[in-house]
Amino acid sequence: MSRTIRIGGASGFWGDSAIATPQLLGVPGLQYLVYDYLAETTMSILARARAKDPALGYATDFVHAAMAPNLATLCARGVRVVANAGGLNPQACRDALAAAAHARGVAPRIAVVTGDDVLPMFEQLRAQGLRDLNTNEAPPAELYSANAYVGARGIAQALAHGADIVITGRCVDSAVVVGVLAHEFGWRWDDWDRLAAGTLAGHVIECGAQATGGLFTDWAQVPDWAHMGYPVIDCAADGSFELSKPDGTGGLIHPGAVAEQILYEVGDPANYLMPDVTCDFREVSVDALTSERVRVRGARGRAPTATYKANGTWRDGYQLQLLMAIRGIDAPAKARKTADALLQRTREQLQQRGLGDYTETCVELLGGEALYGPHARPLATREVVLRIAARHADPKGLGFLQRECASAGTSMGPGTRSSFSGRADVQPVIKVFSFLVPKTQVALQVSLGDLVEAVPLLPDAGGDAPASPSAVPTSTDEHPVGETVAVPLVVLAWARSGDKGDDENIGVIARRPEFLAVLRHQLTAGAVRRYFSHLVDGEVHRYDVPGLRALNFVLHQALGGGGVASLRSDPLGKSFAQMLLDHPIEVPRRWIDEGLLPSPLI
């Protein structure tokens, strides 16, 4: 690689570790730090915060935990920062950061990219016949927020004007890297392959330590979680990059872990729709250069669509979550009886007050493989956590359950602790309304000091062309011949899962080339649909990713609404891959004799 740009990924979500920024600032030659804060759930949290206080609505951790303690070092070293920490209130985030810098005697040039807030035009969009992308429902009567997922052009423009720190609202996660690379290398905004490669680079590090051993299937191989290393990428002008982590840190640089992250939440890898480019990741490869460095390349791009995806947040009733510890002989049976009694008792009280029934309830025995459904193993435990979640249109309707749970500590099963931390809070349910908005109707601008400049619109590039057919022929399917043995999927593959609203994404990567054909034959979309039939209401689609020896599954309507709209204990689907890794796969017994399978796992 000739000239490269060195970027550190210092945050994967609002609440990520404070160790990341100082750790990455110790990396020689670091030029940029990028921060991603804005998951869909985070936008719901920010909407609630801004509703209580108009001065809030941004990721306060960015100012107080990431920036303030490290501003002097950042300025002294000339490390530039790009973050989507502005959330719903980028100007307030800028002002708070400027005040923190002034208190420390430094004055970085802070730019803000705005225009993603489309709430002021929402009634106009409603009049145009707006419908929800996923459900085709009409918009709710009133929204807390509405933001378009914008791209990287405003970031590049702010950097070109000399900004030391760029704060955006709701840009896509990978844009914080694409904006840096487009600025540094002078990429054209119709250089689709480079923009796709930059998007891949941003996607790999947008979740922080998930690229460097966090959530890895082979977690036992990952050392020193207490000092987990955060990702560093060295990006070339063609968009290819090498991934590493700071010297002396924990974590692991492993092709399997990086492949897991590449597939994380991408849906169809041939049609990963971003504001600046449509990406095709099917031929991406990850190659180990050393034990501490891998090279990633092979992304391809096409023109983007003429619309932005946008999300609105709105309130839809209230919910309550209770946790109770129950111990002793037959603990699971006592827990189920407790839940039944509490729900029956409070339903009768609701009826007496004329408040109507719960709109939804969820009972889970944590410790009893609650989400595994028919795949749960026989439970013989003397300790469970009973989780009861309920939703009602009126907060008063949840007050009965909120109070009555305490009575279980004296009037129901022995060995019951009726709460962990006092009375649980009733919370508003903030749901997401997803829609498309024409790019021509979203006016972005960059503000830096006295400069206020529009981000130019690009001409429509006609980005609705389909991807080329998959490079994987169906003839590669293979059913094992000869004597076979059943092994769990984890023996053959790595896997990681994550959410997209109410849809679930599971990436499965074959550990060896020989395993892929068997996985393609047996781990079909139908097989995965049947395995998760107790959780999935929609269809399951499977996509081939030959460059990574992988299969990517999208499970529709799989999360009970997803995010804060779900009453499940895993509303983001982080455990789905772990459950799927127990799926039995028939393999040739000769693979054991040939040493292809680790015999202790069989």
# chains A, B, ... in the order shown; residues from 1 in each chain; ligands from 1
call {"tool": "residues_around", "arguments": {"residues": "range 51-66 of chain A", "least_positions_apart": "3", "cutoff": "7 Å", "atoms": "only C-alpha atoms", "output": "list in words"}}
result
Trp14, Ala18, Thr21, Tyr37, Leu46, Ala47, Arg48, Pro69, Asn70, Ala85, Gly86, Gly87, Leu88, Asn89, Pro90, Ala92, Cys93, Ala96 and Leu97 of chain A
call {"tool": "residues_around", "arguments": {"residues": "Arg170 in chain A", "least_positions_apart": "3", "cutoff": "10 Å", "atoms": "only C-alpha atoms", "output": "list in words"}}
result
Tyr37, Leu38, Ala39, Met43, Asn84, Ala85, Gly86, Gly87, Leu88, Asn89, Pro90, Val113, Thr114, Gly115, Asp116, Asp117, Ala146, Asn147, Ala148, Tyr149, Val150, Gly151, Asp173, Ala310 and Asn311 of chain A
call {"tool": "residues_around", "arguments": {"residues": "Ala220 in chain A", "least_positions_apart": "6", "cutoff": "12 Å", "atoms": "only C-alpha atoms", "output": "mmCIF file with N, CA, C and O atoms, in the first residue's frame"}}
result
data_model
loop_
_atom_site.group_PDB
_atom_site.id
_atom_site.type_symbol
_atom_site.label_atom_id
_atom_site.label_comp_id
_atom_site.auth_asym_id
_atom_site.auth_seq_id
_atom_site.Cartn_x
_atom_site.Cartn_y
_atom_site.Cartn_z
ATOM 1 N N GLY A 213 -12.546 -8.816 17.857
ATOM 2 C CA GLY A 213 -12.751 -9.930 18.777
ATOM 3 C C GLY A 213 -14.019 -9.865 19.588
ATOM 4 O O GLY A 213 -14.439 -10.881 20.153
ATOM 5 N N GLY A 214 -14.650 -8.708 19.678
ATOM 6 C CA GLY A 214 -15.904 -8.613 20.409
ATOM 7 C C GLY A 214 -17.006 -9.397 19.718
ATOM 8 O O GLY A 214 -17.141 -9.331 18.494
ATOM 9 N N GLY A 251 -8.190 -8.407 22.884
ATOM 10 C CA GLY A 251 -8.904 -8.603 21.635
ATOM 11 C C GLY A 251 -8.146 -9.509 20.690
ATOM 12 O O GLY A 251 -7.118 -10.093 21.047
ATOM 13 N N LEU A 252 -8.643 -9.617 19.465
ATOM 14 C CA LEU A 252 -8.090 -10.570 18.507
ATOM 15 C C LEU A 252 -8.338 -10.069 17.094
ATOM 16 O O LEU A 252 -9.444 -9.659 16.749
#
call {"tool": "residues_around", "arguments": {"residues": "Tyr308 in chain A", "least_positions_apart": "5", "cutoff": "6 Å", "atoms": "only C-alpha atoms", "output": "list of chain:residue names"}}
result
A:Ala148, A:Leu436, A:Val437, A:Lys439
